[in-house]
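**Student:** Input file: structure_5.cif. Contents: mmCIF, C-alpha atoms.
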```cif
data_structure
#
loop_
_atom_site.label_atom_id
_atom_site.label_comp_id
_atom_site.auth_asym_id
_atom_site.auth_seq_id
_atom_site.Cartn_x
_atom_site.Cartn_y
_atom_site.Cartn_z
CA MET A 1 -14.47 -3.58 12.14
CA ARG A 2 -16.48 -2.52 9.09
CA ALA A 3 -14.66 -1.17 6.03
CA SER A 4 -16.56 0.75 3.36
CA VAL A 5 -14.84 0.23 0.01
CA LEU A 6 -15.44 2.66 -2.84
CA PHE A 7 -16.48 0.35 -5.64
CA SER A 8 -16.71 0.85 -9.41
CA ALA A 9 -16.98 -2.81 -10.52
CA GLY A 10 -13.45 -2.49 -11.95
CA LYS A 11 -10.67 -4.88 -11.05
CA ASP A 12 -8.80 -2.54 -8.71
CA SER A 13 -11.66 -1.77 -6.35
CA SER A 14 -12.76 -5.43 -6.48
CA LEU A 15 -9.26 -6.59 -5.56
CA ALA A 16 -9.02 -4.03 -2.75
CA ALA A 17 -12.24 -5.40 -1.25
CA LEU A 18 -11.04 -9.01 -1.45
CA LEU A 19 -7.68 -8.16 0.16
CA LEU A 20 -9.48 -6.54 3.10
CA GLU A 21 -12.04 -9.33 3.54
CA PRO A 22 -10.01 -11.46 6.01
CA TYR A 23 -9.64 -8.55 8.44
CA TYR A 24 -12.67 -6.29 7.97
CA GLU A 25 -16.40 -6.62 7.50
CA VAL A 26 -16.47 -5.31 3.94
CA GLU A 27 -19.29 -3.31 2.40
CA LEU A 28 -19.10 -1.85 -1.10
CA VAL A 29 -20.16 1.72 -1.74
CA THR A 30 -20.72 3.15 -5.19
CA ILE A 31 -20.96 6.85 -5.89
CA SER A 32 -23.72 7.98 -8.21
CA LEU A 33 -23.42 11.42 -9.74
CA GLY A 34 -27.02 11.24 -10.86
CA VAL A 35 -26.55 11.37 -14.64
CA THR A 36 -26.45 7.72 -15.72
CA GLU A 37 -27.51 4.56 -13.95
CA SER A 38 -23.99 3.15 -14.07
CA TRP A 39 -24.33 2.31 -10.37
CA ARG A 40 -26.48 -0.64 -11.48
CA ILE A 41 -23.36 -2.21 -13.00
CA ALA A 42 -21.67 -2.00 -9.60
CA GLN A 43 -24.74 -3.40 -7.87
CA LYS A 44 -24.62 -6.45 -10.12
CA ALA A 45 -20.86 -6.89 -9.68
CA ALA A 46 -21.21 -6.59 -5.90
CA ARG A 47 -23.60 -9.51 -6.01
CA GLU A 48 -20.96 -11.56 -7.85
CA LEU A 49 -18.44 -10.69 -5.15
CA GLY A 50 -20.91 -11.48 -2.38
CA PHE A 51 -20.53 -8.23 -0.45
CA PRO A 52 -23.31 -5.89 0.72
CA HIS A 53 -23.60 -2.82 -1.48
CA ARG A 54 -25.03 0.65 -1.23
CA VAL A 55 -25.12 3.75 -3.39
CA ILE A 56 -24.39 7.31 -2.29
CA GLU A 57 -25.50 10.13 -4.54
CA LEU A 58 -23.33 13.23 -4.77
CA SER A 59 -24.36 16.49 -6.43
CA LEU A 60 -21.22 17.85 -8.00
CA VAL A 61 -21.11 16.55 -11.55
CA GLY A 62 -21.83 19.97 -13.03
CA GLU A 63 -18.83 21.42 -11.26
CA ALA A 64 -16.70 18.45 -12.33
CA VAL A 65 -17.62 19.00 -15.99
CA GLU A 66 -16.71 22.67 -15.70
CA VAL A 67 -13.32 21.84 -14.17
CA ALA A 68 -12.57 19.25 -16.85
CA MET A 69 -13.63 21.59 -19.68
CA ARG A 70 -11.52 24.42 -18.27
CA ASP A 71 -8.47 22.16 -17.83
CA GLY A 72 -8.87 20.24 -21.08
CA PHE A 73 -8.11 17.02 -19.17
CA PRO A 74 -10.05 15.14 -16.49
CA ARG A 75 -7.49 14.76 -13.70
CA ASN A 76 -8.51 17.56 -11.37
CA ALA A 77 -12.21 16.90 -11.93
CA ILE A 78 -11.85 13.23 -11.05
CA ASN A 79 -9.70 14.00 -8.00
CA MET A 80 -12.28 16.51 -6.83
CA VAL A 81 -15.04 13.93 -7.06
CA HIS A 82 -12.89 11.26 -5.38
CA ARG A 83 -12.09 13.50 -2.42
CA ALA A 84 -15.79 14.32 -2.01
CA ALA A 85 -16.62 10.60 -2.28
CA LEU A 86 -14.11 9.66 0.43
CA GLU A 87 -15.45 12.38 2.70
CA ALA A 88 -19.06 11.29 2.16
CA VAL A 89 -18.21 7.65 2.90
CA SER A 90 -16.06 8.58 5.91
CA GLU A 91 -18.97 10.27 7.67
CA GLY A 92 -19.69 7.96 10.60
CA ALA A 93 -17.45 5.16 9.25
CA GLN A 94 -14.65 3.32 11.03
CA ALA A 95 -12.64 2.48 7.92
CA VAL A 96 -12.89 3.54 4.28
CA ALA A 97 -10.96 2.10 1.37
CA ASP A 98 -10.36 2.46 -2.33
CA GLY A 99 -8.50 0.65 -5.10
CA THR A 100 -5.87 3.29 -5.88
CA ARG A 101 -2.43 1.84 -6.49
CA ARG A 102 1.18 2.91 -6.56
CA ASP A 103 1.39 3.87 -10.21
CA ASP A 104 -2.00 5.55 -10.51
CA ARG A 105 -2.00 9.21 -11.33
CA VAL A 106 -5.71 9.78 -10.79
CA PRO A 107 -7.62 9.58 -8.59
CA MET A 108 -4.92 9.84 -5.95
CA LEU A 109 -4.65 11.48 -2.55
CA THR A 110 -1.23 12.65 -1.42
CA ALA A 111 0.07 11.16 1.84
CA ALA A 112 -0.72 14.49 3.53
CA GLU A 113 -4.31 14.41 2.22
CA ALA A 114 -4.64 10.83 3.47
CA VAL A 115 -3.48 11.81 6.97
CA SER A 116 -5.84 14.78 6.89
CA LEU A 117 -8.83 12.63 5.90
CA GLU A 118 -8.09 10.21 8.75
CA GLY A 119 -7.77 13.04 11.24
CA ARG A 120 -10.86 14.98 10.20
CA TYR A 121 -13.15 11.94 10.21
CA ASP A 122 -11.43 9.75 12.83
CA VAL A 123 -11.36 6.96 10.27
CA GLN A 124 -8.86 4.48 8.88
CA TYR A 125 -8.16 5.21 5.21
CA LEU A 126 -7.07 1.94 3.60
CA ARG A 127 -5.45 1.58 0.18
CA PRO A 128 -4.59 -2.11 -0.10
CA LEU A 129 -3.07 -1.72 -3.59
CA MET A 130 -0.92 1.30 -2.76
CA GLY A 131 2.19 -0.82 -2.27
CA LEU A 132 1.73 -2.80 -5.48
CA GLY A 133 2.94 -2.24 -9.04
CA ARG A 134 1.23 -3.37 -12.19
CA SER A 135 2.63 -6.90 -12.31
CA ALA A 136 1.69 -7.60 -8.68
CA VAL A 137 -1.86 -6.33 -9.25
CA ASP A 138 -2.17 -8.45 -12.40
CA TYR A 139 -0.91 -11.49 -10.49
CA LEU A 140 -3.38 -11.03 -7.62
CA VAL A 141 -6.26 -10.34 -10.01
CA SER A 142 -5.44 -13.58 -11.86
CA LEU A 143 -5.52 -15.47 -8.54
CA LEU A 144 -8.75 -13.99 -7.24
CA LEU A 145 -10.97 -12.55 -9.98
CA GLU A 146 -12.51 -13.20 -13.35
CA ILE A 147 -12.59 -9.99 -15.36
CA GLU A 148 -13.37 -8.68 -18.82
CA GLU A 149 -11.27 -5.90 -20.30
CA GLY A 150 -11.63 -3.55 -23.24
CA GLU A 151 -12.09 0.08 -24.23
CA ASP A 152 -15.86 -0.15 -24.31
CA ILE A 153 -16.44 -1.91 -21.00
CA GLU A 154 -18.87 0.05 -18.86
CA LYS A 155 -18.27 0.42 -15.17
CA ALA A 156 -19.54 2.63 -12.39
CA ASP A 157 -16.70 5.12 -12.15
CA TYR A 158 -16.95 8.88 -11.94
CA GLU A 159 -15.90 9.17 -15.55
CA ALA A 160 -19.12 7.62 -16.85
CA ASP A 161 -21.29 10.39 -15.45
CA ILE A 162 -18.86 13.22 -16.16
CA ARG A 163 -18.62 12.08 -19.78
CA ALA A 164 -22.39 11.71 -20.09
CA LEU A 165 -23.12 15.21 -18.83
CA MET A 166 -20.29 16.70 -20.90
CA HIS A 167 -21.77 14.97 -23.94
CA ASP A 168 -25.17 16.52 -23.27
CA GLN A 169 -23.76 20.00 -22.64
CA TYR A 170 -20.80 20.23 -25.04
CA GLY A 171 -21.15 17.35 -27.51
CA GLN A 172 -19.19 14.21 -28.26
CA ASP A 173 -16.18 16.07 -29.68
CA ALA A 174 -15.56 17.73 -26.32
CA VAL A 175 -15.70 14.38 -24.58
CA GLY A 176 -13.22 12.91 -27.07
CA GLN A 177 -10.82 15.80 -26.57
CA VAL A 178 -10.93 15.83 -22.77
CA PHE A 179 -10.96 12.09 -22.05
CA PRO A 180 -8.19 9.86 -23.35
CA ARG A 181 -9.35 6.41 -24.40
CA HIS A 182 -8.02 3.68 -22.16
CA THR A 183 -8.65 0.07 -21.34
CA GLN A 184 -11.37 -0.54 -18.77
CA SER A 185 -11.93 -3.65 -16.72
CA ARG A 186 -15.00 -5.07 -15.08
CA ILE A 187 -15.23 -7.96 -12.70
CA ILE A 188 -17.48 -10.84 -13.78
CA GLY A 189 -16.67 -13.42 -11.12
CA VAL A 190 -14.59 -14.26 -8.11
CA LYS A 191 -12.37 -17.27 -7.40
CA ARG A 192 -12.61 -18.15 -3.74
CA MET B 1 4.82 -17.50 -6.40
CA ARG B 2 7.51 -17.05 -3.76
CA ALA B 3 7.85 -13.69 -1.98
CA SER B 4 11.01 -12.85 -0.05
CA VAL B 5 10.12 -10.48 2.78
CA LEU B 6 12.82 -8.35 4.40
CA PHE B 7 12.42 -9.18 8.07
CA SER B 8 13.66 -7.48 11.24
CA ALA B 9 11.44 -9.23 13.82
CA GLY B 10 9.58 -5.92 14.24
CA LYS B 11 5.83 -5.64 13.92
CA ASP B 12 5.79 -4.00 10.50
CA SER B 13 7.80 -6.64 8.64
CA SER B 14 5.94 -9.39 10.52
CA LEU B 15 2.58 -7.92 9.51
CA ALA B 16 3.72 -7.52 5.90
CA ALA B 17 4.61 -11.23 5.79
CA LEU B 18 1.25 -12.28 7.26
CA LEU B 19 -0.71 -10.09 4.82
CA LEU B 20 1.08 -11.74 1.88
CA GLU B 21 0.72 -15.29 3.17
CA PRO B 22 -2.64 -16.08 1.51
CA TYR B 23 -1.28 -15.23 -1.96
CA TYR B 24 2.46 -15.93 -1.90
CA GLU B 25 4.83 -18.59 -0.63
CA VAL B 26 6.50 -16.38 1.98
CA GLU B 27 10.13 -16.65 3.06
CA LEU B 28 11.70 -14.20 5.48
CA VAL B 29 15.12 -12.71 4.75
CA THR B 30 17.18 -10.85 7.31
CA ILE B 31 20.12 -8.67 6.40
CA SER B 32 23.24 -9.04 8.51
CA LEU B 33 25.78 -6.27 8.33
CA GLY B 34 28.32 -8.47 10.11
CA VAL B 35 28.80 -6.43 13.31
CA THR B 36 26.34 -7.93 15.78
CA GLU B 37 24.46 -11.19 15.77
CA SER B 38 21.09 -9.41 15.80
CA TRP B 39 20.01 -11.69 12.94
CA ARG B 40 19.55 -14.38 15.58
CA ILE B 41 16.62 -12.37 16.99
CA ALA B 42 14.98 -12.51 13.57
CA GLN B 43 15.72 -16.22 13.23
CA LYS B 44 13.89 -16.89 16.49
CA ALA B 45 10.95 -14.62 15.56
CA ALA B 46 10.68 -16.29 12.16
CA ARG B 47 10.22 -19.61 13.95
CA GLU B 48 7.33 -18.06 15.92
CA LEU B 49 5.75 -16.92 12.67
CA GLY B 50 6.30 -20.31 11.05
CA PHE B 51 7.99 -19.05 7.88
CA PRO B 52 11.31 -20.24 6.41
CA HIS B 53 14.11 -17.79 7.12
CA ARG B 54 17.50 -16.99 5.71
CA VAL B 55 20.20 -14.42 6.32
CA ILE B 56 22.05 -12.40 3.69
CA GLU B 57 25.27 -10.69 4.70
CA LEU B 58 26.05 -7.30 3.16
CA SER B 59 29.41 -5.52 3.45
CA LEU B 60 28.56 -1.87 3.65
CA VAL B 61 28.23 -0.99 7.32
CA GLY B 62 31.50 1.02 7.34
CA GLU B 63 30.16 3.20 4.55
CA ALA B 64 26.82 3.54 6.34
CA VAL B 65 28.54 4.74 9.52
CA GLU B 66 30.50 7.32 7.52
CA VAL B 67 27.33 8.62 5.86
CA ALA B 68 25.48 8.85 9.19
CA MET B 69 28.43 10.61 10.91
CA ARG B 70 28.77 13.08 8.03
CA ASP B 71 25.02 13.81 8.01
CA GLY B 72 24.53 13.84 11.77
CA PHE B 73 21.34 11.79 11.30
CA PRO B 74 20.78 8.22 10.12
CA ARG B 75 18.24 8.65 7.32
CA ASN B 76 20.49 8.49 4.28
CA ALA B 77 22.61 5.71 5.77
CA ILE B 78 19.56 3.56 6.47
CA ASN B 79 18.09 4.23 3.04
CA MET B 80 21.41 3.27 1.43
CA VAL B 81 21.43 -0.05 3.28
CA HIS B 82 17.76 -0.67 2.49
CA ARG B 83 18.26 -0.13 -1.23
CA ALA B 84 21.25 -2.49 -1.20
CA ALA B 85 19.19 -5.03 0.77
CA LEU B 86 16.30 -4.91 -1.71
CA GLU B 87 18.72 -5.32 -4.61
CA ALA B 88 20.46 -8.28 -2.96
CA VAL B 89 17.15 -10.00 -2.25
CA SER B 90 15.79 -9.22 -5.72
CA GLU B 91 18.60 -11.12 -7.44
CA GLY B 92 16.86 -14.17 -8.90
CA ALA B 93 13.63 -13.53 -6.96
CA GLN B 94 10.07 -13.30 -8.30
CA ALA B 95 8.73 -11.02 -5.59
CA VAL B 96 10.36 -9.06 -2.76
CA ALA B 97 8.60 -7.24 0.04
CA ASP B 98 9.17 -5.05 3.03
CA GLY B 99 7.17 -3.54 5.90
CA THR B 100 7.44 0.12 4.93
CA ARG B 101 4.22 2.04 5.39
CA ARG B 102 2.58 5.25 4.31
CA ASP B 103 3.83 7.49 7.09
CA ASP B 104 7.38 6.10 7.32
CA ARG B 105 10.15 8.50 6.48
CA VAL B 106 12.94 5.93 6.49
CA PRO B 107 13.64 3.51 4.99
CA MET B 108 11.51 4.48 2.03
CA LEU B 109 11.84 4.14 -1.72
CA THR B 110 10.16 6.75 -3.89
CA ALA B 111 7.59 5.48 -6.39
CA ALA B 112 10.19 6.03 -9.14
CA GLU B 113 12.78 3.97 -7.25
CA ALA B 114 10.20 1.22 -6.76
CA VAL B 115 9.44 1.11 -10.49
CA SER B 116 13.18 1.10 -11.23
CA LEU B 117 13.83 -1.81 -8.86
CA GLU B 118 11.06 -3.82 -10.50
CA GLY B 119 12.38 -3.10 -13.97
CA ARG B 120 16.05 -3.80 -13.27
CA TYR B 121 15.40 -7.13 -11.52
CA ASP B 122 12.16 -8.22 -13.27
CA VAL B 123 10.62 -8.63 -9.82
CA GLN B 124 7.43 -7.61 -8.03
CA TYR B 125 8.20 -5.15 -5.23
CA LEU B 126 5.43 -5.49 -2.62
CA ARG B 127 4.74 -3.08 0.23
CA PRO B 128 1.58 -4.41 1.89
CA LEU B 129 1.53 -1.62 4.50
CA MET B 130 2.09 1.23 2.06
CA GLY B 131 -1.62 2.06 1.92
CA LEU B 132 -2.09 2.01 5.69
CA GLY B 133 -1.79 4.68 8.35
CA ARG B 134 -0.85 4.17 11.96
CA SER B 135 -4.28 3.27 13.29
CA ALA B 136 -4.88 0.67 10.56
CA VAL B 137 -1.47 -0.93 11.22
CA ASP B 138 -2.17 -0.98 14.96
CA TYR B 139 -5.55 -2.58 14.32
CA LEU B 140 -4.15 -5.32 12.08
CA VAL B 141 -1.25 -5.97 14.46
CA SER B 142 -3.74 -6.40 17.31
CA LEU B 143 -5.68 -8.92 15.19
CA LEU B 144 -2.72 -10.96 14.05
CA LEU B 145 0.34 -10.58 16.28
CA GLU B 146 1.57 -10.62 19.84
CA ILE B 147 4.30 -8.03 20.28
CA GLU B 148 6.44 -6.40 22.92
CA GLU B 149 7.30 -2.72 22.64
CA GLY B 150 9.78 -0.41 24.30
CA GLU B 151 12.87 1.69 23.72
CA ASP B 152 15.26 -1.10 24.62
CA ILE B 153 13.74 -3.90 22.58
CA GLU B 154 16.36 -5.44 20.32
CA LYS B 155 15.52 -6.39 16.81
CA ALA B 156 17.40 -7.25 13.66
CA ASP B 157 17.23 -3.95 11.83
CA TYR B 158 20.05 -2.12 10.10
CA GLU B 159 20.25 0.34 12.96
CA ALA B 160 21.56 -2.28 15.40
CA ASP B 161 24.73 -2.89 13.42
CA ILE B 162 25.27 0.72 12.36
CA ARG B 163 24.98 1.80 16.00
CA ALA B 164 27.32 -0.96 17.18
CA LEU B 165 30.06 -0.08 14.71
CA MET B 166 29.63 3.65 15.37
CA HIS B 167 29.96 2.93 19.07
CA ASP B 168 33.23 1.07 18.48
CA GLN B 169 34.65 3.75 16.20
CA TYR B 170 33.29 7.00 17.64
CA GLY B 171 31.94 6.21 21.10
CA GLN B 172 28.52 6.18 22.69
CA ASP B 173 28.09 9.96 22.58
CA ALA B 174 28.23 9.91 18.78
CA VAL B 175 25.57 7.19 18.70
CA GLY B 176 23.37 9.21 21.04
CA GLN B 177 23.71 12.31 18.90
CA VAL B 178 23.07 10.65 15.54
CA PHE B 179 20.28 8.23 16.47
CA PRO B 180 17.07 9.50 18.02
CA ARG B 181 15.58 7.21 20.62
CA HIS B 182 12.31 5.71 19.56
CA THR B 183 9.99 2.90 20.49
CA GLN B 184 10.90 -0.47 19.03
CA SER B 185 8.66 -3.47 18.66
CA ARG B 186 9.39 -7.15 18.42
CA ILE B 187 6.99 -9.92 17.58
CA ILE B 188 6.67 -12.66 20.20
CA GLY B 189 3.77 -14.65 18.80
CA VAL B 190 1.19 -14.92 16.07
CA LYS B 191 -2.60 -15.29 16.26
CA ARG B 192 -3.78 -17.52 13.44
#
```
Take the structure from the file and write it as structure tokens.
**Tutor:**
Amino acid sequence: MRASVLFSAGKDSSLAALLLEPYYEVELVTISLGVTESWRIAQKAARELGFPHRVIELSLVGEAVEVAMRDGFPRNAINMVHRAALEAVSEGAQAVADGTRRDDRVPMLTAAEAVSLEGRYDVQYLRPLMGLGRSAVDYLVSLLLEIEEGEDIEKADYEADIRALMHDQYGQDAVGQVFPRHTQSRIIGVKR
Amino acid sequence: MRASVLFSAGKDSSLAALLLEPYYEVELVTISLGVTESWRIAQKAARELGFPHRVIELSLVGEAVEVAMRDGFPRNAINMVHRAALEAVSEGAQAVADGTRRDDRVPMLTAAEAVSLEGRYDVQYLRPLMGLGRSAVDYLVSLLLEIEEGEDIEKADYEADIRALMHDQYGQDAVGQVFPRHTQSRIIGVKR
């Protein structure tokens, strides 16, 4: 069975793909919101992982910026994009997956939303990291992946494009106020 | 790293163990509540799976029966036993696991309880099925396990001993009223 894994080049989505590999025919799918070319980072990382990769473009970054500006924080905007991404990938798919994990706050579907996605699209929704805490994820990443981490690491997540458009429309101060700084990770190699 | 997987001989705990096998040194641990010898079913199933197996006895079945009789349903009693089981297995362990999955109602730790368990025992708490719905579990079981299913399948879960003691103390009618009938599964072989 094929599983389409939403892929940002970060360690979580990379690990999710590797954990599914023994049981599914994995393909990586990166969402482009059409502002930056951050999907190229994912394309390169997918080559390192050795999985086929494709890009789906979604047209909702303007709406996401408006939601984030109105809220003053990015959570609802990112969840909105993630739900749209899962629905786009689920169209015609047998199984879709992402790298969300137990202690994530965003993006995150509730259990009811997960059941609803599966029912509406007749798809398996797989979250291989959902039963893992931070130390288990760190352990598995250390077994399976080579990564680089830091605040300025670029990856192909929704945030990159939302920030870029917000910067163009509202300036860098708005971006700094809405988006907390946090450590990013990007996969640079795989151990297998 | 060793992972101690709570094991009932059912398909969920068997699948959890198999999903961890590539990354952890798996041992299976069955809880005996001291009423029946249902742990022997798990011992035999563990041999089929090819993992080392041990049994931990816990003395709280009387309390569990009282809770279930007071409630009129088994959920809180089973959760109480499961929390005690996880704590007993976590003592001195590096990683503990169970077969709970996304759509289970019982036994089930909240995310906050999971974080608390990990903090109190300095242990990884792993739930490999937590990100999977029914159809994904069924798919993986069909790939990896041979099982038998039915209402009268015996396995080594907490319910067996709670039911047995309730039967002795309150009669079969009480058992029938408190415990809903549901399909059980037991693993009879592994495909690997």
**Student:** Can you list, as a PDB file with C-alpha atoms, keeping the file's coordinate frame, the residues that the PyMOL selection byres ((chain B) within 9 of (chain A)) selects here?
**Tutor:**
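Dumped everything to selection.pdb:
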```pdb
ATOM      1  CA  LEU B  19      -0.710 -10.090   4.820  1.00  0.00           C
ATOM      2  CA  TYR B  23      -1.280 -15.230  -1.960  1.00  0.00           C
ATOM      3  CA  ALA B  95       8.730 -11.020  -5.590  1.00  0.00           C
ATOM      4  CA  THR B 100       7.440   0.120   4.930  1.00  0.00           C
ATOM      5  CA  ARG B 101       4.220   2.040   5.390  1.00  0.00           C
ATOM      6  CA  ARG B 102       2.580   5.250   4.310  1.00  0.00           C
ATOM      7  CA  ASP B 103       3.830   7.490   7.090  1.00  0.00           C
ATOM      8  CA  ALA B 111       7.590   5.480  -6.390  1.00  0.00           C
ATOM      9  CA  ALA B 114      10.200   1.220  -6.760  1.00  0.00           C
ATOM     10  CA  VAL B 115       9.440   1.110 -10.490  1.00  0.00           C
ATOM     11  CA  GLU B 118      11.060  -3.820 -10.500  1.00  0.00           C
ATOM     12  CA  VAL B 123      10.620  -8.630  -9.820  1.00  0.00           C
ATOM     13  CA  GLN B 124       7.430  -7.610  -8.030  1.00  0.00           C
ATOM     14  CA  TYR B 125       8.200  -5.150  -5.230  1.00  0.00           C
ATOM     15  CA  LEU B 126       5.430  -5.490  -2.620  1.00  0.00           C
ATOM     16  CA  ARG B 127       4.740  -3.080   0.230  1.00  0.00           C
ATOM     17  CA  PRO B 128       1.580  -4.410   1.890  1.00  0.00           C
ATOM     18  CA  LEU B 129       1.530  -1.620   4.500  1.00  0.00           C
ATOM     19  CA  MET B 130       2.090   1.230   2.060  1.00  0.00           C
ATOM     20  CA  GLY B 131      -1.620   2.060   1.920  1.00  0.00           C
ATOM     21  CA  LEU B 132      -2.090   2.010   5.690  1.00  0.00           C
ATOM     22  CA  GLY B 133      -1.790   4.680   8.350  1.00  0.00           C
ATOM     23  CA  ARG B 134      -0.850   4.170  11.960  1.00  0.00           C
ATOM     24  CA  SER B 135      -4.280   3.270  13.290  1.00  0.00           C
ATOM     25  CA  ALA B 136      -4.880   0.670  10.560  1.00  0.00           C
ATOM     26  CA  LEU B 140      -4.150  -5.320  12.080  1.00  0.00           C
ATOM     27  CA  LEU B 143      -5.680  -8.920  15.190  1.00  0.00           C
TER      28      LEU B 143
END
```
**Student:** Could you list, as a PDB file with C-alpha atoms, in the frame of the given file, every residue matched by the PyMOL selection byres ((chain B and resi 165) around 10) in this structure?
**Tutor:**
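And here is the file that came out, out27.pdb:
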```pdb
ATOM      1  CA  LEU B  33      25.780  -6.270   8.330  1.00  0.00           C
ATOM      2  CA  GLY B  34      28.320  -8.470  10.110  1.00  0.00           C
ATOM      3  CA  VAL B  35      28.800  -6.430  13.310  1.00  0.00           C
ATOM      4  CA  THR B  36      26.340  -7.930  15.780  1.00  0.00           C
ATOM      5  CA  VAL B  61      28.230  -0.990   7.320  1.00  0.00           C
ATOM      6  CA  GLY B  62      31.500   1.020   7.340  1.00  0.00           C
ATOM      7  CA  ALA B  64      26.820   3.540   6.340  1.00  0.00           C
ATOM      8  CA  VAL B  65      28.540   4.740   9.520  1.00  0.00           C
ATOM      9  CA  GLU B 159      20.250   0.340  12.960  1.00  0.00           C
ATOM     10  CA  ALA B 160      21.560  -2.280  15.400  1.00  0.00           C
ATOM     11  CA  ASP B 161      24.730  -2.890  13.420  1.00  0.00           C
ATOM     12  CA  ILE B 162      25.270   0.720  12.360  1.00  0.00           C
ATOM     13  CA  ARG B 163      24.980   1.800  16.000  1.00  0.00           C
ATOM     14  CA  ALA B 164      27.320  -0.960  17.180  1.00  0.00           C
ATOM     15  CA  MET B 166      29.630   3.650  15.370  1.00  0.00           C
ATOM     16  CA  HIS B 167      29.960   2.930  19.070  1.00  0.00           C
ATOM     17  CA  ASP B 168      33.230   1.070  18.480  1.00  0.00           C
ATOM     18  CA  GLN B 169      34.650   3.750  16.200  1.00  0.00           C
ATOM     19  CA  TYR B 170      33.290   7.000  17.640  1.00  0.00           C
ATOM     20  CA  GLY B 171      31.940   6.210  21.100  1.00  0.00           C
ATOM     21  CA  VAL B 175      25.570   7.190  18.700  1.00  0.00           C
TER      22      VAL B 175
END
```
**Student:** Could you tell me which residues the PyMOL selection byres ((chain B and resi 50) around 12) grabs in this file, written as a PyMOL selection string?
**Tutor:** chain B and resi 14+17-18+21+25-28+42-49+51-53+188-192
**Student:** Report the distance between atom CA of Asp173 of chain A and atom CA of Leu60 of chain A in Å, rounded to one decimal place.
**Tutor:**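 Between atom CA of Asp173 of chain A and atom CA of Leu60 of chain A the gap is 22.3 Å.
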**Student:** In Å, rounded to a single decimal, give me how far atom CA of Phe7 of chain A is from atom CA of Leu109 of chain B.
**Tutor:**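 Spanning atom CA of Leu109 of chain B to atom CA of Phe7 of chain A is a straight-line distance of 28.8 Å.
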**Student:** Which residue gives the smallest distance to Val106 of chain A among A:Met69, A:Ala93, A:Ile78, A:Ala84, with all atoms listed in the file counted?
**Tutor:** A:Ile78
**Student:** In Å, rounded to a single decimal, give me how far atom CA of Gln94 of chain A is from atom CA of Tyr121 of chain A.
**Tutor:** 8.8 Å
**Student:** Could you list, as a PyMOL selection string, every residue within 8 Å of Val29 of chain B, counting all atoms listed in the file and ignoring same-chain residues fewer than 6 positions away?
**Tutor:** chain B and resi 4-7+53-56+89
**Student:** Rank B:Glu113, B:Pro107, B:Asp12, B:Phe73 by their smallest atom-to-atom distance to Gln177 of chain B, using all atoms listed in the file, and report the top residue only.
**Tutor:**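 Of all the options, B:Phe73 lies closest to Gln177 of chain B.
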**Student:** With distances taken over all atoms listed in the file, which residue among B:Ile153, B:Ala77, B:Ala3, B:Val178 lies nearest Ile41 of chain B?
**Tutor:**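 Distance minimum relative to Ile41 of chain B lands on B:Ile153.
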**Student:** From the options A:Met108, A:Val96, A:Ile187, A:Val141, which residue's atoms come nearest to Lys155 of chain A, counting only C-alpha atoms?
**Tutor:**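 Among the listed residues, A:Ile187 lies closest to Lys155 of chain A.
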**Student:** For segment 97-107 of chain A, supply N, CA and C atoms and report the output as a CSV table (one decimal), keeping the file's coordinate frame.
**Tutor:**
```csv
chain,number,residue,atom,x,y,z
A,97,ALA,N,-12.0,2.6,2.2
A,97,ALA,CA,-11.0,2.1,1.4
A,97,ALA,C,-11.2,2.4,-0.1
A,98,ASP,N,-10.2,2.4,-0.9
A,98,ASP,CA,-10.4,2.5,-2.3
A,98,ASP,C,-9.3,1.6,-3.0
A,99,GLY,N,-9.4,1.5,-4.3
A,99,GLY,CA,-8.5,0.6,-5.1
A,99,GLY,C,-7.4,1.4,-5.8
A,100,THR,N,-7.0,2.6,-5.3
A,100,THR,CA,-5.9,3.3,-5.9
A,100,THR,C,-4.6,2.5,-5.6
A,101,ARG,N,-3.7,2.6,-6.6
A,101,ARG,CA,-2.4,1.8,-6.5
A,101,ARG,C,-1.2,2.7,-6.8
A,102,ARG,N,-0.1,2.1,-6.5
A,102,ARG,CA,1.2,2.9,-6.6
A,102,ARG,C,1.3,3.8,-7.8
A,103,ASP,N,1.1,3.2,-9.0
A,103,ASP,CA,1.4,3.9,-10.2
A,103,ASP,C,0.2,4.7,-10.8
A,104,ASP,N,-0.9,4.7,-10.0
A,104,ASP,CA,-2.0,5.6,-10.5
A,104,ASP,C,-1.6,7.0,-10.4
A,105,ARG,N,-2.2,7.8,-11.4
A,105,ARG,CA,-2.0,9.2,-11.3
A,105,ARG,C,-3.3,9.8,-10.9
A,106,VAL,N,-4.4,9.2,-11.2
A,106,VAL,CA,-5.7,9.8,-10.8
A,106,VAL,C,-6.7,8.7,-10.7
A,107,PRO,N,-7.6,8.7,-9.7
A,107,PRO,CA,-7.6,9.6,-8.6
A,107,PRO,C,-6.5,9.2,-7.6
```
